[in-house]
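run_6.pdb (PDB, C-alpha atoms and all ligand atoms)
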ATOM      1  CA  MET A   1     -13.832   6.621  -8.806  1.00  0.00           C
ATOM      2  CA  LYS A   2     -17.007   4.964 -10.119  1.00  0.00           C
ATOM      3  CA  LYS A   3     -16.724   1.207 -10.761  1.00  0.00           C
ATOM      4  CA  LYS A   4     -17.517   1.470 -14.470  1.00  0.00           C
ATOM      5  CA  GLU A   5     -14.602   3.905 -14.923  1.00  0.00           C
ATOM      6  CA  ILE A   6     -12.058   1.565 -13.361  1.00  0.00           C
ATOM      7  CA  GLY A   7      -9.846  -0.016 -15.995  1.00  0.00           C
ATOM      8  CA  LYS A   8     -10.727   2.620 -18.594  1.00  0.00           C
ATOM      9  CA  GLU A   9      -8.373   5.227 -17.241  1.00  0.00           C
ATOM     10  CA  LYS A  10      -5.892   6.834 -19.583  1.00  0.00           C
ATOM     11  CA  GLU A  11      -3.792   8.747 -17.051  1.00  0.00           C
ATOM     12  CA  ALA A  12      -1.472   7.685 -14.261  1.00  0.00           C
ATOM     13  CA  ARG A  13      -3.090   8.250 -10.862  1.00  0.00           C
ATOM     14  CA  LEU A  14      -2.106   8.040  -7.199  1.00  0.00           C
ATOM     15  CA  ILE A  15      -4.317   5.645  -5.269  1.00  0.00           C
ATOM     16  CA  PRO A  16      -4.463   5.734  -1.447  1.00  0.00           C
ATOM     17  CA  LEU A  17      -4.307   2.342   0.261  1.00  0.00           C
ATOM     18  CA  PRO A  18      -5.721   1.300   3.628  1.00  0.00           C
ATOM     19  CA  LYS A  19      -3.455   1.924   6.602  1.00  0.00           C
ATOM     20  CA  ILE A  20      -4.136  -0.131   9.687  1.00  0.00           C
ATOM     21  CA  VAL A  21      -2.396   1.826  12.413  1.00  0.00           C
ATOM     22  CA  ASP A  22      -1.154  -0.357  15.229  1.00  0.00           C
ATOM     23  CA  SER A  23       1.267   0.236  18.101  1.00  0.00           C
ATOM     24  CA  ARG A  24       3.011  -2.980  17.000  1.00  0.00           C
ATOM     25  CA  GLY A  25       3.645  -1.498  13.535  1.00  0.00           C
ATOM     26  CA  ASN A  26       1.365  -0.363  10.746  1.00  0.00           C
ATOM     27  CA  LEU A  27      -0.084  -2.552   7.985  1.00  0.00           C
ATOM     28  CA  SER A  28      -1.263  -1.706   4.484  1.00  0.00           C
ATOM     29  CA  PHE A  29      -2.624  -3.868   1.696  1.00  0.00           C
ATOM     30  CA  VAL A  30      -3.798  -3.753  -1.888  1.00  0.00           C
ATOM     31  CA  GLU A  31      -6.722  -5.740  -3.331  1.00  0.00           C
ATOM     32  CA  TYR A  32      -7.869  -6.362  -6.854  1.00  0.00           C
ATOM     33  CA  ASP A  33     -10.987  -4.335  -7.722  1.00  0.00           C
ATOM     34  CA  ALA A  34     -11.043  -2.383  -4.470  1.00  0.00           C
ATOM     35  CA  HIS A  35      -7.792  -0.533  -5.208  1.00  0.00           C
ATOM     36  CA  ILE A  36      -6.410  -1.688  -8.555  1.00  0.00           C
ATOM     37  CA  PRO A  37      -8.379  -2.559 -11.697  1.00  0.00           C
ATOM     38  CA  PHE A  38      -6.318  -5.576 -12.776  1.00  0.00           C
ATOM     39  CA  LYS A  39      -5.557  -9.091 -11.600  1.00  0.00           C
ATOM     40  CA  ILE A  40      -1.918  -9.313 -10.556  1.00  0.00           C
ATOM     41  CA  GLU A  41       0.095 -11.704 -12.731  1.00  0.00           C
ATOM     42  CA  ARG A  42       3.586 -10.672 -11.697  1.00  0.00           C
ATOM     43  CA  VAL A  43       5.370  -8.805  -8.941  1.00  0.00           C
ATOM     44  CA  TYR A  44       8.891  -7.440  -9.127  1.00  0.00           C
ATOM     45  CA  TRP A  45      10.904  -5.007  -7.082  1.00  0.00           C
ATOM     46  CA  ILE A  46      13.770  -2.617  -7.654  1.00  0.00           C
ATOM     47  CA  TYR A  47      16.348  -2.067  -4.935  1.00  0.00           C
ATOM     48  CA  ASP A  48      20.032  -1.190  -4.367  1.00  0.00           C
ATOM     49  CA  VAL A  49      19.720   1.611  -6.899  1.00  0.00           C
ATOM     50  CA  PRO A  50      23.002   3.571  -6.958  1.00  0.00           C
ATOM     51  CA  GLY A  51      22.681   7.340  -6.453  1.00  0.00           C
ATOM     52  CA  GLY A  52      21.689   9.218  -9.601  1.00  0.00           C
ATOM     53  CA  GLN A  53      20.534   6.151 -11.543  1.00  0.00           C
ATOM     54  CA  ASN A  54      17.179   5.970 -13.354  1.00  0.00           C
ATOM     55  CA  ARG A  55      14.998   2.941 -14.067  1.00  0.00           C
ATOM     56  CA  GLY A  56      12.257   2.470 -16.611  1.00  0.00           C
ATOM     57  CA  GLY A  57      12.347   4.787 -19.573  1.00  0.00           C
ATOM     58  CA  HIS A  58       9.831   2.853 -21.645  1.00  0.00           C
ATOM     59  CA  ALA A  59       6.109   2.267 -22.166  1.00  0.00           C
ATOM     60  CA  PHE A  60       3.894  -0.813 -22.390  1.00  0.00           C
ATOM     61  CA  LYS A  61       1.300  -1.628 -25.009  1.00  0.00           C
ATOM     62  CA  LYS A  62      -0.912  -3.778 -22.766  1.00  0.00           C
ATOM     63  CA  GLN A  63       0.602  -3.993 -19.320  1.00  0.00           C
ATOM     64  CA  GLN A  64      -0.973  -2.074 -16.444  1.00  0.00           C
ATOM     65  CA  GLU A  65       1.043  -1.573 -13.305  1.00  0.00           C
ATOM     66  CA  PHE A  66       0.861  -0.329  -9.770  1.00  0.00           C
ATOM     67  CA  ILE A  67       4.019   1.033  -8.158  1.00  0.00           C
ATOM     68  CA  ILE A  68       4.499   1.327  -4.406  1.00  0.00           C
ATOM     69  CA  ALA A  69       7.452   2.875  -2.561  1.00  0.00           C
ATOM     70  CA  LEU A  70       7.760   0.113   0.042  1.00  0.00           C
ATOM     71  CA  SER A  71      10.731   1.881   1.565  1.00  0.00           C
ATOM     72  CA  GLY A  72      12.376   5.247   0.992  1.00  0.00           C
ATOM     73  CA  SER A  73      11.334   7.470  -1.879  1.00  0.00           C
ATOM     74  CA  PHE A  74      11.611   8.024  -5.624  1.00  0.00           C
ATOM     75  CA  ASP A  75       9.848   9.940  -8.375  1.00  0.00           C
ATOM     76  CA  VAL A  76       7.941   8.526 -11.316  1.00  0.00           C
ATOM     77  CA  VAL A  77       7.699  10.688 -14.441  1.00  0.00           C
ATOM     78  CA  ALA A  78       4.638   9.624 -16.432  1.00  0.00           C
ATOM     79  CA  GLU A  79       4.093  10.969 -19.934  1.00  0.00           C
ATOM     80  CA  LYS A  80       1.011  10.617 -22.082  1.00  0.00           C
ATOM     81  CA  GLY A  81       0.780  12.630 -25.278  1.00  0.00           C
ATOM     82  CA  LYS A  82       2.112  16.090 -24.510  1.00  0.00           C
ATOM     83  CA  ASP A  83       1.412  15.888 -20.774  1.00  0.00           C
ATOM     84  CA  ASN A  84       4.155  15.087 -18.318  1.00  0.00           C
ATOM     85  CA  SER A  85       3.370  14.386 -14.642  1.00  0.00           C
ATOM     86  CA  ILE A  86       5.846  13.751 -11.846  1.00  0.00           C
ATOM     87  CA  PHE A  87       4.640  11.667  -8.919  1.00  0.00           C
ATOM     88  CA  SER A  88       6.740  11.593  -5.745  1.00  0.00           C
ATOM     89  CA  LEU A  89       6.280   8.292  -3.978  1.00  0.00           C
ATOM     90  CA  ASN A  90       7.453   8.338  -0.380  1.00  0.00           C
ATOM     91  CA  ARG A  91       4.801   6.492   1.658  1.00  0.00           C
ATOM     92  CA  SER A  92       3.993   2.787   1.498  1.00  0.00           C
ATOM     93  CA  TYR A  93       0.227   3.442   1.843  1.00  0.00           C
ATOM     94  CA  TYR A  94      -0.025   5.030  -1.601  1.00  0.00           C
ATOM     95  CA  GLY A  95       0.518   3.498  -5.005  1.00  0.00           C
ATOM     96  CA  LEU A  96       0.729   4.843  -8.528  1.00  0.00           C
ATOM     97  CA  TYR A  97      -1.576   3.196 -11.056  1.00  0.00           C
ATOM     98  CA  ILE A  98      -0.176   3.363 -14.591  1.00  0.00           C
ATOM     99  CA  PRO A  99      -2.426   2.298 -17.484  1.00  0.00           C
ATOM    100  CA  PRO A 100      -0.913   1.088 -20.770  1.00  0.00           C
ATOM    101  CA  GLY A 101       0.521   3.594 -23.245  1.00  0.00           C
ATOM    102  CA  ILE A 102       2.339   5.771 -20.710  1.00  0.00           C
ATOM    103  CA  TRP A 103       6.047   6.515 -21.044  1.00  0.00           C
ATOM    104  CA  ARG A 104       7.384   6.232 -17.521  1.00  0.00           C
ATOM    105  CA  GLN A 105      10.711   6.704 -15.836  1.00  0.00           C
ATOM    106  CA  MET A 106      11.689   6.205 -12.192  1.00  0.00           C
ATOM    107  CA  GLN A 107      14.294   8.554 -10.769  1.00  0.00           C
ATOM    108  CA  ASN A 108      15.637  10.290  -7.626  1.00  0.00           C
ATOM    109  CA  PHE A 109      15.822   7.054  -5.648  1.00  0.00           C
ATOM    110  CA  SER A 110      16.749   7.636  -2.012  1.00  0.00           C
ATOM    111  CA  THR A 111      19.311   5.403  -0.329  1.00  0.00           C
ATOM    112  CA  ASN A 112      17.848   1.975   0.508  1.00  0.00           C
ATOM    113  CA  SER A 113      14.590   2.649  -1.333  1.00  0.00           C
ATOM    114  CA  VAL A 114      12.543  -0.288  -2.567  1.00  0.00           C
ATOM    115  CA  ALA A 115      10.063   0.032  -5.450  1.00  0.00           C
ATOM    116  CA  LEU A 116       7.447  -2.724  -5.564  1.00  0.00           C
ATOM    117  CA  VAL A 117       5.724  -3.137  -8.940  1.00  0.00           C
ATOM    118  CA  LEU A 118       2.520  -5.149  -9.367  1.00  0.00           C
ATOM    119  CA  THR A 119       1.720  -5.871 -12.998  1.00  0.00           C
ATOM    120  CA  SER A 120      -1.195  -7.203 -15.024  1.00  0.00           C
ATOM    121  CA  THR A 121       0.874  -9.426 -17.334  1.00  0.00           C
ATOM    122  CA  LEU A 122       3.718 -11.887 -17.295  1.00  0.00           C
ATOM    123  CA  TYR A 123       7.036 -10.552 -18.517  1.00  0.00           C
ATOM    124  CA  SER A 124       7.003 -10.100 -22.290  1.00  0.00           C
ATOM    125  CA  GLU A 125       9.631  -8.119 -24.134  1.00  0.00           C
ATOM    126  CA  ASP A 126       7.136  -7.763 -27.024  1.00  0.00           C
ATOM    127  CA  ASP A 127       4.939  -5.579 -24.841  1.00  0.00           C
ATOM    128  CA  TYR A 128       7.699  -2.997 -24.301  1.00  0.00           C
ATOM    129  CA  ILE A 129       8.090   0.194 -26.314  1.00  0.00           C
ATOM    130  CA  ARG A 130      11.684   1.066 -25.540  1.00  0.00           C
ATOM    131  CA  ASP A 131      12.333   3.669 -28.222  1.00  0.00           C
ATOM    132  CA  TYR A 132      10.931   7.116 -27.406  1.00  0.00           C
ATOM    133  CA  LYS A 133      10.290   7.944 -31.070  1.00  0.00           C
ATOM    134  CA  ASP A 134       8.304   4.702 -31.444  1.00  0.00           C
ATOM    135  CA  PHE A 135       6.312   5.705 -28.356  1.00  0.00           C
ATOM    136  CA  ARG A 136       5.362   9.069 -29.876  1.00  0.00           C
ATOM    137  CA  ILE A 137       4.182   7.339 -33.069  1.00  0.00           C
ATOM    138  CA  TYR A 138       2.303   4.665 -31.091  1.00  0.00           C
ATOM    139  CA  ASN A 139       0.666   7.373 -28.991  1.00  0.00           C
ATOM    140  CA  LYS A 140      -0.480   9.361 -32.015  1.00  0.00           C
ATOM    141  CA  MET A 141      -1.973   6.217 -33.585  1.00  0.00           C
ATOM    142  CA  ASN A 142      -3.896   5.436 -30.384  1.00  0.00           C
ATOM    143  CA  GLU A 143      -5.199   8.950 -29.644  1.00  0.00           C
TER     144      GLU A 143
HETATM  145  P1  LIG B 201      13.347  -3.518 -17.423  1.00  0.00           P
HETATM  146  O1  LIG B 201      11.871  -3.704 -17.358  1.00  0.00           O
HETATM  147  O2  LIG B 201      13.912  -2.921 -18.680  1.00  0.00           O
HETATM  148  O3  LIG B 201      13.831  -2.649 -16.174  1.00  0.00           O
HETATM  149  P2  LIG B 201      13.522  -1.133 -15.804  1.00  0.00           P
HETATM  150  O4  LIG B 201      12.219  -0.768 -16.416  1.00  0.00           O
HETATM  151  O5  LIG B 201      13.453  -1.094 -14.318  1.00  0.00           O
HETATM  152  O6  LIG B 201      14.644  -0.308 -16.270  1.00  0.00           O
HETATM  153  O7  LIG B 201      14.049  -4.931 -17.130  1.00  0.00           O
HETATM  154  C1  LIG B 201      15.443  -5.036 -16.951  1.00  0.00           C
HETATM  155  C2  LIG B 201      15.843  -6.452 -17.327  1.00  0.00           C
HETATM  156  O8  LIG B 201      15.228  -7.392 -16.462  1.00  0.00           O
HETATM  157  C3  LIG B 201      15.453  -6.831 -18.755  1.00  0.00           C
HETATM  158  O9  LIG B 201      16.545  -7.509 -19.330  1.00  0.00           O
HETATM  159  C4  LIG B 201      14.318  -7.786 -18.606  1.00  0.00           C
HETATM  160  C5  LIG B 201      14.480  -8.353 -17.209  1.00  0.00           C
HETATM  161  N1  LIG B 201      13.190  -8.597 -16.541  1.00  0.00           N
HETATM  162  C6  LIG B 201      12.704  -9.879 -16.431  1.00  0.00           C
HETATM  163  O10 LIG B 201      13.324 -10.859 -16.880  1.00  0.00           O
HETATM  164  N2  LIG B 201      11.501 -10.080 -15.789  1.00  0.00           N
HETATM  165  C7  LIG B 201      10.787  -9.060 -15.281  1.00  0.00           C
HETATM  166  O11 LIG B 201       9.682  -9.274 -14.693  1.00  0.00           O
HETATM  167  C8  LIG B 201      11.284  -7.718 -15.432  1.00  0.00           C
HETATM  168  C9  LIG B 201      10.533  -6.543 -14.905  1.00  0.00           C
HETATM  169  C10 LIG B 201      12.493  -7.538 -16.069  1.00  0.00           C
END

Now, as a test, write the supplied structure out as structure tokens.
Ligand code: TYD
Amino acid sequence: MKKKEIGKEKEARLIPLPKIVDSRGNLSFVEYDAHIPFKIERVYWIYDVPGGQNRGGHAFKKQQEFIIALSGSFDVVAEKGKDNSIFSLNRSYYGLYIPPGIWRQMQNFSTNSVALVLTSTLYSEDDYIRDYKDFRIYNKMNE
């Protein structure tokens, strides 16, 4: 990805992260600019998800995020306009970049999975689009 394109993306995208292989245990990291196009303002994580439960099911107007499966696996369904992509996250050296304006749901969590989410904004309920119909209207207006 060329530098000038970073931060102007409209689609969710898997981004490989460095993996420092070591006999003592592997290490990965994520850095602003090198791997993600936003400064991290908040980090949260989702864990102890009971079998069959989904998380997410909303979009953001401004917030960008980067989701890593720190442990275990889960799927992220990302929808923009008419397109629907499913990303299976099951390695901690990959992350899913999600720009604003994407309806996204997290599902199929494996037992003991941990989803780490890095975000570009502080928590603000005003930034959420929680109603799917509102999302479709918002999307059309921002095409
Ligand atoms: P929500 O983002 O709806 O969870 P998910 O997308 O995983 O289904 O958040 C669930 C609740 O947690 C909601 O009441 C808001 C609260 N919350 C915070 O207070 N701070 C945060 O950083 C996040 C992500 C959620």

Self-check item: Picked residues, the PyMOL selection byres (((chain A and resi 15) around 8) and not hetatm), as a PyMOL selection string
Solution: chain A and resi 13-14+16-17+35+94-97

Quiz prompt | Neighbourhood of ligand LIG 201 (chain B) at 10 Å, counting all atoms listed in the file, reported as a ChimeraX atom specification | solution = /A:42-47,53-60,104-106,115,117-119,121-125,128,130

Quiz item: Contacts of stretch 48-51 of chain A at 8 Å or less, counting all atoms listed in the file, minus same-chain residues fewer than 2 places along, as a ChimeraX atom specification?
Solution: /A:46,53,108-114

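The coordinates place atom CA of A:Asp127 at 25.7 Å from atom CA of A:Leu70.
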
Self-check item: Polymer residues at most 7 Å from A:Ser88, all atoms listed in the file, same-chain spacing of 2 or more positions, as an MDAnalysis selection string
Solution: chainID A and resid 74:76 86 90

Can you write out the residues you just picked, keeping C-alpha atoms, as a PDB file, in the frame of the given file?
ATOM      1  CA  PHE A  74      11.611   8.024  -5.624  1.00  0.00           C
ATOM      2  CA  ASP A  75       9.848   9.940  -8.375  1.00  0.00           C
ATOM      3  CA  VAL A  76       7.941   8.526 -11.316  1.00  0.00           C
ATOM      4  CA  ILE A  86       5.846  13.751 -11.846  1.00  0.00           C
ATOM      5  CA  ASN A  90       7.453   8.338  -0.380  1.00  0.00           C
TER       6      ASN A  90
END

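Rounded to one decimal, atom CA of A:Phe66 and atom CA of A:Arg91 lie 13.9 Å from each other.
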
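Selection result for the displayed file, with the PyMOL selection byres (((chain A and resi 36) around 9) and not hetatm) as criterion, is Ile6, Gly7, Ile15, Val30, Glu31, Tyr32, Asp33, Ala34, His35, Pro37, Phe38, Lys39, Glu65, Phe66 and Tyr97 of chain A.
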
Self-check item: All residues 7 Å or closer to A:Ser28, all atoms listed in the file, same chain fewer than 2 positions away omitted, as a list of chain:residue names
Solution: A:Leu17, A:Pro18, A:Lys19, A:Ile20, A:Asn26, A:Tyr93

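Relative to atom CA of A:Leu27, atom CA of A:Pro99 is found at 26.0 Å.
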
Quiz prompt | Residue contacts of A:Ile102 (9 Å, only C-alpha atoms) excluding same-chain residues fewer than 3 positions away, as a ChimeraX atom specification | solution = /A:10-12,58-61,78-81,98-99,135,139

Quiz prompt | Minimum-distance residue to A:Ile40, chosen among A:Ser120, A:Asp131, A:Gly25, A:Ser92 (using all atoms listed in the file) | solution = A:Ser120

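Minimum distance to A:Gly101 across A:Val77, A:Leu116, A:Ile129, A:Val21 (counting only C-alpha atoms) occurs at A:Ile129.
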